[in-house]
Amino acid sequence: MTTVFYLRVSTKDQSVESQRQALGIPSDASSDVVFMDEGVSGAVDALARPGFARCAAYLRRGDVLRVSALDRLGRNAIDVQQTFAMLIGKGVIVDVLGMGVIAGDVG
């Protein structure tokens with residue numbers, strides 16, 4: 001089981017640093033477990049975002065995906081639902097800051 005982080009900001013002049021701190025990402029975290037999209041609008045479907053697409057391809061059964069907010073996982077309720085369905089289908093555990101583990105039955 002690996003903990004994987006996904007961060008996204010909409011514009012290049014925004015920083016992912018507040019998300020890094022909120023999620024408690026260690027400064028020595030390997031770059032292969034932290035995926036980012038910087039300057040990618042929330043209006044873009046999750047799997048159309050380059051960083052999230054790489055993240056989804058990396059995730060394996062039993063991995064934990066941590067995000068700072070539910071809206072990191074999709075552009076609207078339907079996209080979030082489809083993203084969750086895909087992640088659950090892979091056996092990924094999803095952990096959203098402030099909500100806890102809300103998906104991923106790997107039993």
# chains A, B, ... in the order shown; residues from 1 in each chain; ligands from 1
$ residues_around --residues "A:Phe84" --least-positions-apart "5" --cutoff "10 Å" --atoms "only C-alpha atoms" --output "PyMOL selection string"
chain A and resi 73-74+78-79+89-90+92-94+102-104
$ write_last_selection --atoms "all heavy atoms" --output "mmCIF file, in the first residue's frame"
data_model
loop_
_atom_site.group_PDB
_atom_site.id
_atom_site.type_symbol
_atom_site.label_atom_id
_atom_site.label_comp_id
_atom_site.auth_asym_id
_atom_site.auth_seq_id
_atom_site.Cartn_x
_atom_site.Cartn_y
_atom_site.Cartn_z
ATOM 1 N N LEU A 73 -11.145 16.089 -7.418
ATOM 2 C CA LEU A 73 -11.412 14.830 -8.129
ATOM 3 C C LEU A 73 -12.369 14.963 -9.302
ATOM 4 O O LEU A 73 -12.739 13.962 -9.902
ATOM 5 C CB LEU A 73 -11.962 13.789 -7.145
ATOM 6 C CG LEU A 73 -10.993 13.404 -6.033
ATOM 7 C CD1 LEU A 73 -11.667 12.430 -5.083
ATOM 8 C CD2 LEU A 73 -9.726 12.797 -6.609
ATOM 9 N N GLY A 74 -12.766 16.167 -9.649
ATOM 10 C CA GLY A 74 -13.640 16.309 -10.807
ATOM 11 C C GLY A 74 -14.180 17.714 -10.961
ATOM 12 O O GLY A 74 -14.102 18.522 -10.052
ATOM 13 N N ILE A 78 -21.025 14.798 -11.572
ATOM 14 C CA ILE A 78 -20.961 13.620 -12.438
ATOM 15 C C ILE A 78 -19.511 13.189 -12.642
ATOM 16 O O ILE A 78 -19.188 12.004 -12.557
ATOM 17 C CB ILE A 78 -21.661 13.893 -13.787
ATOM 18 C CG1 ILE A 78 -23.166 14.037 -13.541
ATOM 19 C CG2 ILE A 78 -21.374 12.780 -14.793
ATOM 20 C CD1 ILE A 78 -23.948 14.520 -14.742
ATOM 21 N N ASP A 79 -18.626 14.140 -12.885
ATOM 22 C CA ASP A 79 -17.211 13.805 -13.078
ATOM 23 C C ASP A 79 -16.622 13.211 -11.793
ATOM 24 O O ASP A 79 -15.884 12.228 -11.842
ATOM 25 C CB ASP A 79 -16.424 15.041 -13.517
ATOM 26 C CG ASP A 79 -15.006 14.715 -13.968
ATOM 27 O OD1 ASP A 79 -14.772 13.603 -14.500
ATOM 28 O OD2 ASP A 79 -14.126 15.586 -13.792
ATOM 29 N N GLY A 89 -13.141 0.866 -8.634
ATOM 30 C CA GLY A 89 -12.945 -0.296 -9.494
ATOM 31 C C GLY A 89 -11.519 -0.815 -9.466
ATOM 32 O O GLY A 89 -11.279 -2.008 -9.640
ATOM 33 N N LYS A 90 -10.562 0.082 -9.241
ATOM 34 C CA LYS A 90 -9.158 -0.306 -9.143
ATOM 35 C C LYS A 90 -8.785 -0.750 -7.736
ATOM 36 O O LYS A 90 -7.670 -1.182 -7.505
ATOM 37 C CB LYS A 90 -8.263 0.882 -9.529
ATOM 38 C CG LYS A 90 -8.326 1.252 -10.989
ATOM 39 C CD LYS A 90 -7.434 2.449 -11.290
ATOM 40 C CE LYS A 90 -5.994 2.006 -11.337
ATOM 41 N NZ LYS A 90 -5.108 2.914 -12.062
ATOM 42 N N VAL A 92 -8.733 1.338 -5.088
ATOM 43 C CA VAL A 92 -8.020 2.447 -4.458
ATOM 44 C C VAL A 92 -8.864 2.995 -3.311
ATOM 45 O O VAL A 92 -10.086 3.100 -3.413
ATOM 46 C CB VAL A 92 -7.736 3.560 -5.498
ATOM 47 C CG1 VAL A 92 -7.154 4.797 -4.844
ATOM 48 C CG2 VAL A 92 -6.813 3.031 -6.587
ATOM 49 N N ILE A 93 -8.218 3.350 -2.213
ATOM 50 C CA ILE A 93 -8.858 3.995 -1.072
ATOM 51 C C ILE A 93 -8.705 5.501 -1.270
ATOM 52 O O ILE A 93 -7.596 5.984 -1.520
ATOM 53 C CB ILE A 93 -8.180 3.560 0.235
ATOM 54 C CG1 ILE A 93 -8.317 2.047 0.404
ATOM 55 C CG2 ILE A 93 -8.753 4.314 1.430
ATOM 56 C CD1 ILE A 93 -7.346 1.446 1.402
ATOM 57 N N VAL A 94 -9.807 6.246 -1.180
ATOM 58 C CA VAL A 94 -9.772 7.695 -1.376
ATOM 59 C C VAL A 94 -9.949 8.378 -0.025
ATOM 60 O O VAL A 94 -10.899 8.093 0.702
ATOM 61 C CB VAL A 94 -10.864 8.154 -2.361
ATOM 62 C CG1 VAL A 94 -10.810 9.663 -2.546
ATOM 63 C CG2 VAL A 94 -10.701 7.445 -3.701
ATOM 64 N N ILE A 102 -13.589 7.968 2.142
ATOM 65 C CA ILE A 102 -14.984 7.951 1.685
ATOM 66 C C ILE A 102 -15.214 6.977 0.535
ATOM 67 O O ILE A 102 -16.303 6.912 0.016
ATOM 68 C CB ILE A 102 -15.473 9.368 1.300
ATOM 69 C CG1 ILE A 102 -14.570 10.029 0.264
ATOM 70 C CG2 ILE A 102 -15.569 10.237 2.531
ATOM 71 C CD1 ILE A 102 -15.059 11.368 -0.222
ATOM 72 N N ALA A 103 -14.203 6.276 0.123
ATOM 73 C CA ALA A 103 -14.391 5.287 -0.945
ATOM 74 C C ALA A 103 -13.255 4.279 -0.919
ATOM 75 O O ALA A 103 -12.183 4.551 -0.417
ATOM 76 C CB ALA A 103 -14.448 5.976 -2.309
ATOM 77 N N GLY A 104 -13.515 3.135 -1.476
ATOM 78 C CA GLY A 104 -12.451 2.175 -1.686
ATOM 79 C C GLY A 104 -12.528 0.959 -0.812
ATOM 80 O O GLY A 104 -11.836 0.868 0.187
#
$ closest_atom_pairs --of "stretch 55-100 of chain A" --to "stretch 44-48 of chain A" --cutoff "10 Å" --atoms "only C-alpha atoms" --output "tab-separated table"
residue	atom	partner	partner_atom	distance
A:Cys55	CA	A:Leu47	CA	9.3
A:Ala56	CA	A:Leu47	CA	7.8
A:Ala57	CA	A:Leu47	CA	9.9
A:Asp71	CA	A:Ala46	CA	9.5
A:Arg72	CA	A:Ala46	CA	7.8
A:Leu73	CA	A:Ala46	CA	5.9
A:Gly74	CA	A:Ala46	CA	4.8
A:Arg75	CA	A:Asp45	CA	5.5
A:Asn76	CA	A:Asp45	CA	8.3
A:Ile78	CA	A:Asp45	CA	9.8
A:Asp79	CA	A:Asp45	CA	6.4
A:Val80	CA	A:Ala46	CA	7.9
A:Gln82	CA	A:Ala46	CA	9.3
A:Thr83	CA	A:Ala46	CA	7.2
$ atom_distance --atom1 "atom CA of A:Thr2" --atom2 "atom CA of A:Ala43"
28.6 Å
$ select_by_dssp --residues "chain A" --states "strand (DSSP E or B)" --output "number ranges by chain"
A: 3-9, 34-38, 64-67, 93-96, 100-103
$ closest_residue --among "A:Val64, A:Leu7, A:Ala77, A:Ala85" --to "A:Pro50" --atoms "only C-alpha atoms"
A:Leu7
$ residues_around --residues "stretch 67-70 of chain A" --least-positions-apart "3" --cutoff "9 Å" --atoms "only C-alpha atoms" --output "ChimeraX atom specification"
/A:4-7,19-20,22-23,73-74,80,94-99
$ atom_distance --atom1 "atom CA of A:Phe52" --atom2 "atom CA of A:Ser27"
20.7 Å
$ select_by_dssp --residues "stretch 26-79 of chain A" --states "alpha helix (DSSP H)" --output "PyMOL selection string"
chain A and resi 50-58+77-79
$ write_last_selection --atoms "N, CA, C and O atoms" --output "PDB file, in the first residue's frame"
ATOM      1  N   PRO A  50      -3.449  16.325 -17.175  1.00  0.00           N
ATOM      2  CA  PRO A  50      -2.252  15.481 -17.329  1.00  0.00           C
ATOM      3  C   PRO A  50      -1.754  14.873 -16.021  1.00  0.00           C
ATOM      4  O   PRO A  50      -1.426  13.684 -15.963  1.00  0.00           O
ATOM      5  N   GLY A  51      -1.684  15.663 -14.962  1.00  0.00           N
ATOM      6  CA  GLY A  51      -1.193  15.157 -13.683  1.00  0.00           C
ATOM      7  C   GLY A  51      -2.116  14.112 -13.087  1.00  0.00           C
ATOM      8  O   GLY A  51      -1.660  13.093 -12.566  1.00  0.00           O
ATOM      9  N   PHE A  52      -3.424  14.353 -13.164  1.00  0.00           N
ATOM     10  CA  PHE A  52      -4.355  13.375 -12.602  1.00  0.00           C
ATOM     11  C   PHE A  52      -4.362  12.102 -13.443  1.00  0.00           C
ATOM     12  O   PHE A  52      -4.461  10.997 -12.903  1.00  0.00           O
ATOM     13  N   ALA A  53      -4.226  12.233 -14.749  1.00  0.00           N
ATOM     14  CA  ALA A  53      -4.176  11.043 -15.610  1.00  0.00           C
ATOM     15  C   ALA A  53      -2.967  10.176 -15.243  1.00  0.00           C
ATOM     16  O   ALA A  53      -3.082   8.948 -15.157  1.00  0.00           O
ATOM     17  N   ARG A  54      -1.806  10.805 -14.997  1.00  0.00           N
ATOM     18  CA  ARG A  54      -0.618  10.052 -14.566  1.00  0.00           C
ATOM     19  C   ARG A  54      -0.853   9.415 -13.197  1.00  0.00           C
ATOM     20  O   ARG A  54      -0.465   8.267 -12.958  1.00  0.00           O
ATOM     21  N   CYS A  55      -1.504  10.153 -12.312  1.00  0.00           N
ATOM     22  CA  CYS A  55      -1.818   9.650 -10.978  1.00  0.00           C
ATOM     23  C   CYS A  55      -2.720   8.417 -11.073  1.00  0.00           C
ATOM     24  O   CYS A  55      -2.446   7.385 -10.454  1.00  0.00           O
ATOM     25  N   ALA A  56      -3.780   8.517 -11.852  1.00  0.00           N
ATOM     26  CA  ALA A  56      -4.727   7.400 -12.000  1.00  0.00           C
ATOM     27  C   ALA A  56      -4.030   6.170 -12.578  1.00  0.00           C
ATOM     28  O   ALA A  56      -4.297   5.040 -12.162  1.00  0.00           O
ATOM     29  N   ALA A  57      -3.118   6.388 -13.517  1.00  0.00           N
ATOM     30  CA  ALA A  57      -2.391   5.263 -14.114  1.00  0.00           C
ATOM     31  C   ALA A  57      -1.438   4.625 -13.100  1.00  0.00           C
ATOM     32  O   ALA A  57      -1.196   3.422 -13.146  1.00  0.00           O
ATOM     33  N   TYR A  58      -0.905   5.409 -12.185  1.00  0.00           N
ATOM     34  CA  TYR A  58       0.048   4.928 -11.178  1.00  0.00           C
ATOM     35  C   TYR A  58      -0.637   4.103 -10.089  1.00  0.00           C
ATOM     36  O   TYR A  58      -0.066   3.138  -9.587  1.00  0.00           O
ATOM     37  N   ALA A  77     -20.392  17.181 -10.187  1.00  0.00           N
ATOM     38  CA  ALA A  77     -20.808  15.976  -9.451  1.00  0.00           C
ATOM     39  C   ALA A  77     -20.693  14.717 -10.306  1.00  0.00           C
ATOM     40  O   ALA A  77     -20.281  13.664  -9.809  1.00  0.00           O
ATOM     41  N   ILE A  78     -21.025  14.798 -11.572  1.00  0.00           N
ATOM     42  CA  ILE A  78     -20.961  13.620 -12.438  1.00  0.00           C
ATOM     43  C   ILE A  78     -19.511  13.189 -12.642  1.00  0.00           C
ATOM     44  O   ILE A  78     -19.188  12.004 -12.557  1.00  0.00           O
ATOM     45  N   ASP A  79     -18.626  14.140 -12.885  1.00  0.00           N
ATOM     46  CA  ASP A  79     -17.211  13.805 -13.078  1.00  0.00           C
ATOM     47  C   ASP A  79     -16.622  13.211 -11.793  1.00  0.00           C
ATOM     48  O   ASP A  79     -15.884  12.228 -11.842  1.00  0.00           O
TER      49      ASP A  79
END
$ closest_residue --among "A:Glu17, A:Asp28, A:Asp37, A:Asp63" --to "A:Arg49" --atoms "only C-alpha atoms"
A:Asp37
